[in-house]
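Participant: The following file, input18.cif, comprises mmCIF, C-alpha atoms and all ligand atoms:
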```cif
data_model
loop_
_atom_site.label_atom_id
_atom_site.label_comp_id
_atom_site.auth_asym_id
_atom_site.auth_seq_id
_atom_site.Cartn_x
_atom_site.Cartn_y
_atom_site.Cartn_z
CA MET A 98 134.52 100.67 120.37
CA ALA A 99 131.99 100.09 117.58
CA GLU A 100 129.31 99.18 120.14
CA ASP A 101 129.55 102.68 121.64
CA TRP A 102 129.28 104.54 118.34
CA ARG A 103 126.40 106.92 117.93
CA PRO A 104 124.08 106.43 114.93
CA ARG A 105 125.84 108.79 112.50
CA THR A 106 129.18 107.08 113.12
CA ARG A 107 127.58 103.66 112.64
CA LEU A 108 126.11 104.83 109.34
CA VAL A 109 129.55 105.75 107.99
CA HIS A 110 131.76 103.00 109.47
CA GLY A 111 129.44 100.19 110.63
CA GLY A 112 130.14 96.69 109.32
CA ALA A 113 133.28 97.77 107.42
CA ARG A 114 135.31 94.95 105.83
CA ARG A 115 138.55 95.97 104.15
CA SER A 116 140.36 93.83 101.60
CA GLN A 117 144.15 93.50 101.54
CA TYR A 118 144.28 96.76 99.52
CA GLY A 119 142.95 98.87 102.37
CA GLU A 120 140.38 100.70 100.23
CA VAL A 121 138.62 103.70 101.86
CA SER A 122 135.30 103.31 100.06
CA GLU A 123 133.63 99.92 100.53
CA ALA A 124 134.65 97.33 97.93
CA LEU A 125 132.02 96.13 95.50
CA HIS A 126 132.46 92.34 95.44
CA LEU A 127 130.54 91.71 92.25
CA THR A 128 130.90 87.95 92.39
CA GLN A 129 128.44 85.07 92.72
CA GLY A 130 131.05 82.67 94.09
CA PHE A 131 134.28 82.19 96.05
CA VAL A 132 137.39 80.04 95.49
CA TYR A 133 138.49 77.43 98.05
CA ASP A 134 142.15 76.58 98.73
CA SER A 135 141.44 72.86 98.52
CA ALA A 136 138.66 70.34 98.10
CA ALA A 137 138.75 69.74 101.84
CA ALA A 138 138.38 73.50 102.49
CA ALA A 139 135.28 73.55 100.25
CA GLU A 140 133.83 70.58 102.13
CA ALA A 141 134.50 72.26 105.47
CA ARG A 142 132.90 75.53 104.42
CA PHE A 143 129.79 73.79 103.11
CA ARG A 144 129.55 71.93 106.42
CA GLU A 145 129.76 75.15 108.40
CA ALA A 146 130.74 78.56 107.02
CA GLY A 147 132.64 80.79 109.46
CA PRO A 148 131.30 84.25 110.34
CA ASP A 149 133.06 85.95 107.40
CA GLU A 150 133.21 83.06 104.94
CA PHE A 151 131.04 82.96 101.84
CA ILE A 152 129.87 80.19 99.50
CA TYR A 153 127.47 81.65 96.95
CA ALA A 154 125.90 85.10 96.62
CA ARG A 155 122.36 83.76 97.02
CA TYR A 156 123.44 82.85 100.61
CA GLY A 157 125.70 85.83 101.27
CA ASN A 158 128.38 88.10 99.82
CA PRO A 159 130.90 90.43 101.52
CA THR A 160 129.34 93.65 100.15
CA VAL A 161 125.84 92.46 101.05
CA ALA A 162 127.04 91.42 104.52
CA THR A 163 128.57 94.87 105.05
CA PHE A 164 125.18 96.42 104.26
CA GLU A 165 123.40 93.96 106.57
CA ASP A 166 125.80 94.65 109.44
CA ARG A 167 125.60 98.43 108.99
CA ILE A 168 121.80 98.63 108.98
CA ALA A 169 121.50 96.11 111.85
CA ALA A 170 123.94 98.21 113.91
CA LEU A 171 121.81 101.29 113.25
CA GLU A 172 118.49 99.60 114.04
CA GLY A 173 119.92 97.90 117.13
CA THR A 174 119.19 94.31 116.09
CA GLU A 175 121.60 91.38 116.26
CA ALA A 176 121.29 90.46 112.59
CA GLY A 177 119.88 91.35 109.20
CA PHE A 178 119.20 89.54 105.91
CA ALA A 179 119.22 91.74 102.81
CA THR A 180 116.66 91.02 100.10
CA ALA A 181 116.08 91.86 96.43
CA SER A 182 113.24 94.29 97.23
CA GLY A 183 111.03 95.41 100.09
CA MET A 184 108.39 92.90 99.02
CA ALA A 185 110.95 90.06 99.01
CA ALA A 186 111.58 91.04 102.65
CA VAL A 187 107.88 91.15 103.61
CA ALA A 188 106.99 87.92 101.79
CA GLY A 189 110.18 86.20 103.01
CA ALA A 190 109.63 87.08 106.65
CA LEU A 191 105.96 86.07 106.59
CA MET A 192 106.56 82.81 104.71
CA ALA A 193 109.60 81.89 106.80
CA LEU A 194 107.82 82.38 110.12
CA THR A 195 104.42 80.78 109.50
CA ARG A 196 103.03 77.35 108.62
CA ALA A 197 99.59 75.87 107.94
CA GLY A 198 97.31 76.23 110.95
CA ASP A 199 98.98 79.41 112.21
CA HIS A 200 97.05 82.64 112.65
CA VAL A 201 98.27 86.13 111.72
CA VAL A 202 96.74 89.46 112.75
CA ALA A 203 97.55 92.43 110.55
CA SER A 204 96.53 96.02 110.28
CA ARG A 205 94.18 96.64 107.32
CA ALA A 206 95.95 99.82 106.21
CA LEU A 207 98.73 98.18 104.19
CA PHE A 208 100.59 98.58 100.94
CA GLY A 209 98.66 96.68 98.21
CA SER A 210 101.39 94.06 97.68
CA CYS A 211 101.53 93.34 101.44
CA LEU A 212 97.76 92.73 101.38
CA TYR A 213 98.25 90.31 98.46
CA VAL A 214 100.87 88.29 100.39
CA LEU A 215 98.64 88.11 103.47
CA GLU A 216 95.24 87.56 101.89
CA GLU A 217 96.21 85.45 98.87
CA VAL A 218 99.57 83.76 99.44
CA LEU A 219 99.45 82.94 103.16
CA ALA A 220 95.79 81.94 102.89
CA ARG A 221 96.68 79.50 100.08
CA PHE A 222 99.06 77.72 102.45
CA GLY A 223 96.54 77.42 105.27
CA VAL A 224 97.54 80.44 107.36
CA GLU A 225 94.50 82.28 108.67
CA VAL A 226 94.74 86.07 108.51
CA THR A 227 92.60 88.54 110.48
CA LEU A 228 92.73 92.17 109.36
CA VAL A 229 91.97 94.87 111.94
CA ASP A 230 91.85 98.65 112.18
CA GLY A 231 95.44 99.07 113.37
CA THR A 232 94.73 102.25 115.36
CA ASP A 233 92.09 100.45 117.47
CA LEU A 234 93.85 98.61 120.33
CA ASP A 235 90.62 96.84 121.31
CA ALA A 236 90.47 95.37 117.79
CA TRP A 237 94.01 93.94 118.24
CA ARG A 238 93.02 92.56 121.68
CA ALA A 239 89.93 90.91 120.23
CA ALA A 240 91.76 89.38 117.25
CA VAL A 241 94.86 87.93 118.93
CA ARG A 242 94.48 84.35 120.21
CA ALA A 243 96.55 81.32 121.22
CA GLU A 244 97.37 80.25 117.61
CA THR A 245 98.45 83.78 116.66
CA LYS A 246 102.02 83.31 115.45
CA LEU A 247 102.73 86.93 114.56
CA VAL A 248 101.22 90.38 114.12
CA PHE A 249 102.15 92.54 111.14
CA PHE A 250 101.63 96.24 110.47
CA GLU A 251 103.07 99.34 108.85
CA SER A 252 104.07 101.60 111.75
CA VAL A 253 102.93 104.56 109.63
CA SER A 254 100.50 103.48 106.93
CA ASN A 255 100.84 104.08 103.22
CA PRO A 256 99.28 106.36 101.98
CA ALA A 257 96.91 107.78 104.64
CA LEU A 258 99.62 108.14 107.34
CA GLU A 259 97.88 106.45 110.26
CA VAL A 260 100.36 105.90 113.07
CA ILE A 261 100.18 102.55 114.86
CA ASP A 262 101.28 102.28 118.47
CA ILE A 263 104.19 99.80 118.34
CA ALA A 264 104.56 99.57 122.13
CA ALA A 265 100.85 98.97 122.79
CA VAL A 266 100.39 96.42 119.98
CA ALA A 267 103.61 94.64 121.05
CA GLU A 268 102.31 94.32 124.60
CA ILE A 269 99.10 92.69 123.33
CA ALA A 270 100.97 90.40 120.91
CA HIS A 271 103.66 89.35 123.37
CA ALA A 272 101.05 88.48 126.00
CA ALA A 273 99.73 85.92 123.49
CA GLY A 274 103.22 84.70 122.58
CA ALA A 275 103.10 86.24 119.09
CA LEU A 276 106.02 87.88 117.26
CA VAL A 277 105.76 91.56 116.28
CA VAL A 278 106.77 92.15 112.65
CA VAL A 279 106.85 95.83 111.65
CA ASP A 280 107.07 97.25 108.12
CA ASN A 281 108.86 100.44 109.12
CA VAL A 282 109.40 102.16 105.76
CA PHE A 283 107.66 105.46 106.55
CA ALA A 284 109.39 105.81 109.95
CA THR A 285 112.78 105.33 108.21
CA PRO A 286 115.76 103.75 110.02
CA VAL A 287 116.75 107.26 111.19
CA PHE A 288 113.62 107.91 113.29
CA SER A 289 112.94 104.27 114.17
CA ARG A 290 112.83 103.24 117.80
CA ALA A 291 110.91 100.11 116.87
CA VAL A 292 113.03 97.56 118.76
CA PRO A 293 113.09 99.32 122.17
CA GLN A 294 109.32 99.77 121.75
CA GLY A 295 108.75 96.05 121.30
CA ALA A 296 109.20 95.11 117.63
CA ASP A 297 110.83 91.70 117.13
CA ILE A 298 111.35 91.89 113.36
CA VAL A 299 111.77 95.21 111.51
CA ILE A 300 111.46 95.30 107.71
CA TYR A 301 112.53 98.05 105.32
CA SER A 302 112.10 98.53 101.63
CA ALA A 303 115.62 99.91 101.04
CA THR A 304 114.32 101.17 97.69
CA LYS A 305 112.90 104.16 99.57
CA HIS A 306 114.94 106.31 102.00
CA ILE A 307 117.95 103.97 102.25
CA ASP A 308 118.86 104.27 98.57
CA GLY A 309 117.26 107.69 98.75
CA GLN A 310 118.06 108.59 95.18
CA GLY A 311 115.68 106.32 93.30
CA ARG A 312 118.27 104.03 91.69
CA THR A 313 117.90 100.47 92.96
CA LEU A 314 115.49 98.00 94.56
CA GLY A 315 116.32 96.35 97.85
CA GLY A 316 115.04 95.36 101.26
CA VAL A 317 116.12 94.01 104.60
CA ILE A 318 114.74 91.82 107.42
CA LEU A 319 116.20 92.78 110.82
CA GLY A 320 115.84 90.95 114.12
CA PRO A 321 117.35 88.55 116.65
CA ARG A 322 120.18 86.31 115.32
CA GLU A 323 118.21 83.19 116.24
CA ILE A 324 115.39 84.17 113.85
CA VAL A 325 117.28 85.99 111.08
CA ARG A 326 120.15 83.49 110.80
CA GLY A 327 117.66 80.68 111.51
CA PRO A 328 114.33 80.34 109.68
CA VAL A 329 114.57 83.63 107.74
CA GLU A 330 118.00 82.92 106.24
CA THR A 331 117.14 79.29 105.51
CA TYR A 332 113.98 80.33 103.66
CA MET A 333 115.59 83.24 101.81
CA LYS A 334 118.73 81.42 100.69
CA HIS A 335 116.79 78.53 99.20
CA THR A 336 114.08 80.62 97.53
CA GLY A 337 116.36 83.15 95.82
CA GLY A 338 115.33 86.59 97.09
CA ALA A 339 118.92 87.72 97.74
CA LEU A 340 120.06 91.32 97.26
CA SER A 341 122.49 91.89 94.38
CA PRO A 342 125.99 92.95 95.55
CA PHE A 343 125.80 95.99 93.27
CA ASN A 344 122.53 97.13 94.84
CA ALA A 345 123.96 96.44 98.31
CA TRP A 346 126.89 98.74 97.48
CA VAL A 347 124.48 101.51 96.37
CA MET A 348 122.48 101.04 99.61
CA LEU A 349 125.68 101.18 101.70
CA LYS A 350 126.56 104.53 100.19
CA GLY A 351 122.94 105.60 100.80
CA LEU A 352 123.28 104.76 104.49
CA GLU A 353 126.29 107.11 104.79
CA THR A 354 124.06 110.12 104.05
CA ILE A 355 120.61 108.91 105.19
CA ASP A 356 120.64 110.74 108.53
CA LEU A 357 121.34 114.12 106.92
CA ARG A 358 118.90 113.54 104.06
CA VAL A 359 115.95 112.27 106.06
CA ARG A 360 116.22 114.96 108.74
CA ALA A 361 116.26 117.66 106.05
CA GLN A 362 113.31 116.02 104.27
CA ALA A 363 111.29 115.79 107.51
CA GLU A 364 112.03 119.43 108.34
CA THR A 365 110.86 120.50 104.88
CA ALA A 366 107.77 118.27 105.17
CA ALA A 367 106.84 120.00 108.44
CA ARG A 368 107.26 123.43 106.83
CA ILE A 369 105.13 122.42 103.84
CA ALA A 370 102.41 120.99 106.10
CA ALA A 371 102.27 124.20 108.14
CA ALA A 372 102.28 126.38 105.02
CA LEU A 373 99.52 124.46 103.21
CA GLU A 374 97.18 123.72 106.15
CA GLY A 375 94.09 125.85 105.67
CA HIS A 376 94.60 126.43 101.92
CA ALA A 377 91.20 126.92 100.29
CA ALA A 378 91.80 124.16 97.71
CA LEU A 379 92.50 121.58 100.43
CA ALA A 380 89.93 119.77 102.55
CA ARG A 381 92.70 118.47 104.81
CA VAL A 382 96.46 118.26 105.24
CA ILE A 383 97.42 114.92 106.79
CA TYR A 384 100.85 115.02 108.43
CA PRO A 385 101.70 113.18 111.67
CA GLY A 386 103.78 116.20 112.75
CA LEU A 387 100.78 118.56 112.71
CA PRO A 388 98.86 118.94 115.99
CA SER A 389 95.65 118.39 113.95
CA HIS A 390 96.73 114.80 113.15
CA PRO A 391 94.76 112.28 115.27
CA GLN A 392 97.97 110.50 116.35
CA PHE A 393 100.19 113.59 116.68
CA GLU A 394 101.26 112.76 120.23
CA LEU A 395 101.89 109.11 119.41
CA ALA A 396 104.04 110.13 116.42
CA GLN A 397 106.11 112.42 118.65
CA ARG A 398 106.58 109.68 121.24
CA GLN A 399 107.26 106.91 118.73
CA MET A 400 109.41 108.69 116.11
CA GLY A 401 110.04 112.21 117.43
CA THR A 402 108.99 113.58 114.03
CA GLY A 403 106.14 113.69 111.54
CA GLY A 404 108.32 112.02 108.90
CA THR A 405 109.05 112.84 105.27
CA LEU A 406 105.61 112.19 103.76
CA LEU A 407 102.34 114.01 103.83
CA ALA A 408 98.94 113.43 102.30
CA LEU A 409 96.87 116.26 100.84
CA GLU A 410 93.12 115.87 100.52
CA VAL A 411 92.28 118.11 97.56
CA ALA A 412 88.74 119.48 97.75
CA GLY A 413 86.73 118.59 94.63
CA GLY A 414 87.76 114.95 94.17
CA GLN A 415 89.77 113.32 91.39
CA ASP A 416 89.36 116.11 88.81
CA ALA A 417 90.70 118.69 91.24
CA ALA A 418 93.51 116.35 92.36
CA PHE A 419 94.54 115.76 88.73
CA ARG A 420 94.48 119.54 88.01
CA PHE A 421 96.75 120.03 91.04
CA LEU A 422 99.17 117.29 89.93
CA ASP A 423 99.27 118.55 86.34
CA ALA A 424 100.04 122.10 87.52
CA LEU A 425 103.14 121.06 89.52
CA GLY A 426 106.43 122.34 88.12
CA ILE A 427 109.12 120.91 90.45
CA VAL A 428 107.34 118.04 92.19
CA LEU A 429 107.25 114.98 89.91
CA ILE A 430 104.23 112.76 89.28
CA SER A 431 105.59 109.30 90.10
CA ASN A 432 105.25 106.58 92.72
CA ASN A 433 108.53 106.10 94.61
CA LEU A 434 109.03 107.74 97.99
CA GLY A 435 111.98 108.77 100.13
CA ASP A 436 113.74 110.05 97.00
CA ALA A 437 115.89 113.21 96.79
CA LYS A 438 113.32 114.42 94.25
CA SER A 439 109.89 115.38 95.61
CA ILE A 440 107.22 113.05 94.24
CA ALA A 441 103.42 113.32 94.21
CA THR A 442 101.25 110.21 93.81
CA HIS A 443 97.49 109.78 93.32
CA PRO A 444 97.01 106.48 95.20
CA ALA A 445 93.39 105.86 94.18
CA THR A 446 94.29 105.62 90.47
CA THR A 447 97.84 104.23 90.70
CA THR A 448 99.40 102.37 93.67
CA HIS A 449 96.03 101.40 95.15
CA GLN A 450 94.04 101.31 91.87
CA ARG A 451 93.14 97.63 92.20
CA LEU A 452 91.47 97.90 95.62
CA ALA A 453 87.66 97.74 95.73
CA GLU A 454 85.95 101.10 96.28
CA ALA A 455 84.78 100.08 99.76
CA GLN A 456 88.32 99.07 100.71
CA LYS A 457 89.71 102.39 99.43
CA ALA A 458 87.12 104.26 101.47
CA ALA A 459 87.98 102.24 104.59
CA LEU A 460 91.66 103.13 104.15
CA GLY A 461 91.03 106.84 103.58
CA ILE A 462 92.11 106.58 99.91
CA THR A 463 89.65 109.14 98.63
CA PRO A 464 89.49 110.46 95.03
CA GLY A 465 91.05 113.74 96.19
CA LEU A 466 93.96 112.23 98.12
CA VAL A 467 97.50 113.02 96.93
CA ARG A 468 100.54 111.51 98.67
CA LEU A 469 103.56 113.79 98.76
CA SER A 470 107.07 112.44 99.35
CA VAL A 471 109.25 115.41 100.23
CA GLY A 472 112.69 115.56 98.66
CA LEU A 473 115.83 117.60 99.13
CA GLU A 474 114.92 120.68 97.09
CA ASP A 475 114.85 124.15 98.69
CA PRO A 476 111.77 124.25 100.97
CA GLU A 477 110.73 127.69 99.71
CA ASP A 478 110.76 126.48 96.09
CA LEU A 479 108.60 123.49 97.04
CA ILE A 480 106.11 125.61 98.99
CA ALA A 481 105.88 128.03 96.05
CA ASP A 482 105.39 125.16 93.57
CA LEU A 483 102.70 123.45 95.66
CA SER A 484 100.88 126.71 96.47
CA ARG A 485 100.87 127.79 92.82
CA ALA A 486 99.51 124.39 91.74
CA LEU A 487 96.81 124.54 94.44
CA ASP A 488 95.86 128.06 93.36
CA ALA A 489 95.42 126.65 89.83
CA VAL A 490 92.86 124.10 91.06
C1 LIG B 1 107.49 100.37 98.90
C2 LIG B 1 106.98 99.66 100.06
C3 LIG B 1 107.08 98.26 100.14
C4 LIG B 1 107.67 97.42 99.02
O1 LIG B 1 109.00 97.72 98.73
P1 LIG B 1 109.66 97.41 97.30
O2 LIG B 1 111.09 97.72 97.50
O3 LIG B 1 108.95 98.28 96.31
O4 LIG B 1 109.42 95.96 97.01
C5 LIG B 1 106.58 97.63 101.27
N1 LIG B 1 106.02 98.35 102.26
C6 LIG B 1 105.91 99.69 102.21
C7 LIG B 1 105.28 100.40 103.36
C8 LIG B 1 106.38 100.39 101.11
O5 LIG B 1 106.26 101.72 101.08
#
```
Now, as a test, write the supplied structure out as structure tokens.
Facilitator:
Amino acid sequence: MAEDWRPRTRLVHGGARRSQYGEVSEALHLTQGFVYDSAAAAEARFREAGPDEFIYARYGNPTVATFEDRIAALEGTEAGFATASGMAAVAGALMALTRAGDHVVASRALFGSCLYVLEEVLARFGVEVTLVDGTDLDAWRAAVRAETKLVFFESVSNPALEVIDIAAVAEIAHAAGALVVVDNVFATPVFSRAVPQGADIVIYSATKHIDGQGRTLGGVILGPREIVRGPVETYMKHTGGALSPFNAWVMLKGLETIDLRVRAQAETAARIAAALEGHAALARVIYPGLPSHPQFELAQRQMGTGGTLLALEVAGGQDAAFRFLDALGIVLISNNLGDAKSIATHPATTTHQRLAEAQKAALGITPGLVRLSVGLEDPEDLIADLSRALDAV
């Protein structure tokens, strides 16, 4: 039975819908609309669509639904709504679940666009947002109050790799009646145990490890049917953030291999972290799988891994970091993550360029910090490339 399948079987067969042709590989239903047998059938479907009946691709599409069912089965949630990007998922979930007068508590260490949605968009509609140091449980306790509708955080923060205790924050939030919304990109769906640890809504940018080969944008909001098929779907289907069927098909094929890819990437990341820790050109190697990481034990308990990303603090600031980046031969200078190709990013001057200096400092985004997303290349080649570039600094 599908309910008994282990994760790797779910990733290959979950959510499958076969057409009358019995295709092996999932069909790409590249269609915005669907034909009805009669006017009365159209009326009936608009009144209430059955579980596998579709009206318009902004509401749902068979290829998109297959992706939603497959990722929900993996994550262990009742339902999922696929979105055009990770940010469409974050903004959609936050807008769908709050209204004027509500209060939201969020961890300060967030992706720049997430901060924009919280601090600018929600605030404009009368939602009060309190930002806290997500690793400080007392700060969460002090911030949560009766009007707190939800808490929001990245379970592992981008780019400084702070790990936030999902179970402990969920306990605090649930005691106040607040929903726990987790942006779980860095944990990946493979290592995620977010739901058993207390997350109510789990969000992924599918652009990252789910596609895994840097081709398409996408996202997904996962959670209980009552919420996802209720306020989330209603908001998303009327505001137009739907995932394209073509991108859903790419993501489906990505899910088939994600377990193998992400485990190999995490293993290589751990080897790189161990090989580079102590290098003279580095002030610090930040990797949640290294015992020197402040939340090493939490990362082991929460994800069972250090993940596929590390952050290197190059001694000597921006000039030294730039010399390191420019000396790389295999690792690309770019800004995606979770890709088959290893990618190095200088957050202070690119992804987090627009933050005020004080904010960068508070988030650990120093001039020497380089984020490294580990790909699928041979680990020895990557270690040689990184070591040679560090020697050149
Ligand atoms: C990339 C990313 C997003 C946004 O995803 P897009 O697909 O680029 O819109 C949100 N949160 C985190 C943690 C990310 O890394």
Participant: Please identify every polymer residue within 8 Å of ligand LIG 1 (chain B), using all atoms listed in the file, and present the set as a list in words.
Facilitator: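 My answer, listing the contacting residues, is Ala181, Ser182, Gly183, Met184, Ala185, Ala186, Val187, Leu207, Phe208, Ser210, Cys211, Glu251, Val253, Ser254, Asn255, Asp280, Asn281, Val282, Phe283, Tyr301, Ser302, Ala303, Thr304, Lys305, Leu314, Gly315, Gly316, Asn433 and Leu434 of chain A.
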Participant: Can you write out the residues you just picked, keeping C-alpha atoms, as a PDB file, in the coordinates of the input?
Facilitator:
```pdb
ATOM      1  CA  ALA A 181     116.080  91.860  96.430  1.00  0.00           C
ATOM      2  CA  SER A 182     113.240  94.290  97.230  1.00  0.00           C
ATOM      3  CA  GLY A 183     111.030  95.410 100.090  1.00  0.00           C
ATOM      4  CA  MET A 184     108.390  92.900  99.020  1.00  0.00           C
ATOM      5  CA  ALA A 185     110.950  90.060  99.010  1.00  0.00           C
ATOM      6  CA  ALA A 186     111.580  91.040 102.650  1.00  0.00           C
ATOM      7  CA  VAL A 187     107.880  91.150 103.610  1.00  0.00           C
ATOM      8  CA  LEU A 207      98.730  98.180 104.190  1.00  0.00           C
ATOM      9  CA  PHE A 208     100.590  98.580 100.940  1.00  0.00           C
ATOM     10  CA  SER A 210     101.390  94.060  97.680  1.00  0.00           C
ATOM     11  CA  CYS A 211     101.530  93.340 101.440  1.00  0.00           C
ATOM     12  CA  GLU A 251     103.070  99.340 108.850  1.00  0.00           C
ATOM     13  CA  VAL A 253     102.930 104.560 109.630  1.00  0.00           C
ATOM     14  CA  SER A 254     100.500 103.480 106.930  1.00  0.00           C
ATOM     15  CA  ASN A 255     100.840 104.080 103.220  1.00  0.00           C
ATOM     16  CA  ASP A 280     107.070  97.250 108.120  1.00  0.00           C
ATOM     17  CA  ASN A 281     108.860 100.440 109.120  1.00  0.00           C
ATOM     18  CA  VAL A 282     109.400 102.160 105.760  1.00  0.00           C
ATOM     19  CA  PHE A 283     107.660 105.460 106.550  1.00  0.00           C
ATOM     20  CA  TYR A 301     112.530  98.050 105.320  1.00  0.00           C
ATOM     21  CA  SER A 302     112.100  98.530 101.630  1.00  0.00           C
ATOM     22  CA  ALA A 303     115.620  99.910 101.040  1.00  0.00           C
ATOM     23  CA  THR A 304     114.320 101.170  97.690  1.00  0.00           C
ATOM     24  CA  LYS A 305     112.900 104.160  99.570  1.00  0.00           C
ATOM     25  CA  LEU A 314     115.490  98.000  94.560  1.00  0.00           C
ATOM     26  CA  GLY A 315     116.320  96.350  97.850  1.00  0.00           C
ATOM     27  CA  GLY A 316     115.040  95.360 101.260  1.00  0.00           C
ATOM     28  CA  ASN A 433     108.530 106.100  94.610  1.00  0.00           C
ATOM     29  CA  LEU A 434     109.030 107.740  97.990  1.00  0.00           C
TER      30      LEU A 434
END
```
Participant: Neighbours of Gly111 in chain A within 10 Å (all atoms listed in the file; same-chain residues fewer than 2 positions away dropped), as a list in words?
Facilitator: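 Near Gly111 in chain A, the qualifying residues are Ala99, Glu100, Trp102, Pro104, Arg105, Thr106, Arg107, Leu108, Val109, Ala113, Arg114, Thr163, Phe164, Glu165, Asp166, Arg167, Ile168, Ala169, Ala170, Leu171, Leu349, Leu352 and Glu353 of chain A.
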Participant: Go ahead and save the residues from that selection, with C-alpha atoms, as a PDB file, keeping the file's coordinate frame.
Facilitator:
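Written file, out-v6.pdb:
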```pdb
ATOM      1  CA  ALA A  99     131.990 100.090 117.580  1.00  0.00           C
ATOM      2  CA  GLU A 100     129.310  99.180 120.140  1.00  0.00           C
ATOM      3  CA  TRP A 102     129.280 104.540 118.340  1.00  0.00           C
ATOM      4  CA  PRO A 104     124.080 106.430 114.930  1.00  0.00           C
ATOM      5  CA  ARG A 105     125.840 108.790 112.500  1.00  0.00           C
ATOM      6  CA  THR A 106     129.180 107.080 113.120  1.00  0.00           C
ATOM      7  CA  ARG A 107     127.580 103.660 112.640  1.00  0.00           C
ATOM      8  CA  LEU A 108     126.110 104.830 109.340  1.00  0.00           C
ATOM      9  CA  VAL A 109     129.550 105.750 107.990  1.00  0.00           C
ATOM     10  CA  ALA A 113     133.280  97.770 107.420  1.00  0.00           C
ATOM     11  CA  ARG A 114     135.310  94.950 105.830  1.00  0.00           C
ATOM     12  CA  THR A 163     128.570  94.870 105.050  1.00  0.00           C
ATOM     13  CA  PHE A 164     125.180  96.420 104.260  1.00  0.00           C
ATOM     14  CA  GLU A 165     123.400  93.960 106.570  1.00  0.00           C
ATOM     15  CA  ASP A 166     125.800  94.650 109.440  1.00  0.00           C
ATOM     16  CA  ARG A 167     125.600  98.430 108.990  1.00  0.00           C
ATOM     17  CA  ILE A 168     121.800  98.630 108.980  1.00  0.00           C
ATOM     18  CA  ALA A 169     121.500  96.110 111.850  1.00  0.00           C
ATOM     19  CA  ALA A 170     123.940  98.210 113.910  1.00  0.00           C
ATOM     20  CA  LEU A 171     121.810 101.290 113.250  1.00  0.00           C
ATOM     21  CA  LEU A 349     125.680 101.180 101.700  1.00  0.00           C
ATOM     22  CA  LEU A 352     123.280 104.760 104.490  1.00  0.00           C
ATOM     23  CA  GLU A 353     126.290 107.110 104.790  1.00  0.00           C
TER      24      GLU A 353
END
```
Participant: Please indicate the distance in Å from CA of Leu127 in chain A to CA of Arg155 in chain A, rounded to one decimal place.
Facilitator: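 Here the two named atoms are 12.4 Å from each other.
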Participant: Mind giving me the straight-line distance from CA of Arg238 in chain A to CA of Glu259 in chain A in Å, one decimal?
Facilitator: 18.6 Å
Participant: Can you tell me, as a ChimeraX atom specification, what residues are no more than 7 Å from Leu469 in chain A when counting only C-alpha atoms, ignoring any on the same chain fewer than 6 positions away?
Facilitator: /A:406-408,440-442
Participant: CA of Gly231 in chain A to CA of Val471 in chain A: how many Å, to one decimal?
Facilitator: 25.1 Å
Participant: Hey, what's within 6 Å of range 411-413 of chain A if we count only C-alpha atoms and toss same-chain stuff fewer than 3 positions away? As a VMD selection string, please?
Facilitator: chain A and resid 378 to 380 417 to 418 465
Participant: From the list A:Asp423, A:Asp101, A:Glu330, A:Glu364, which residue is nearest Ala190 in chain A when using all atoms listed in the file?
Facilitator: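 So, comparing all the options, the nearest one is A:Glu330.
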Participant: Could you give me the centre and size, in Å to one decimal, of an axis-aligned box around all listed atoms of range 473-488 of chain A with 6 Å added on every side, as AutoDock Vina command-line options?
Facilitator:
```
--center_x 105.8 --center_y 122.8 --center_z 96.4 --size_x 32.0 --size_y 22.5 --size_z 21.2
```
Participant: Extract, using all atoms listed in the file, all DNA, RNA and protein residues at most 7 Å from range 194-206 of chain A, discarding same-chain residues fewer than 6 positions from it, and format them as a list in words.
Facilitator: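 Non-adjacent residues within range: Phe222, Gly223, Val224, Glu225, Val226, Thr227, Leu228, Val229, Asp230, Gly231, Ala240, Val241, Glu244, Thr245, Lys246, Leu247, Val248, Phe249, Phe250, Ser254, Pro328 and Leu460 of chain A.
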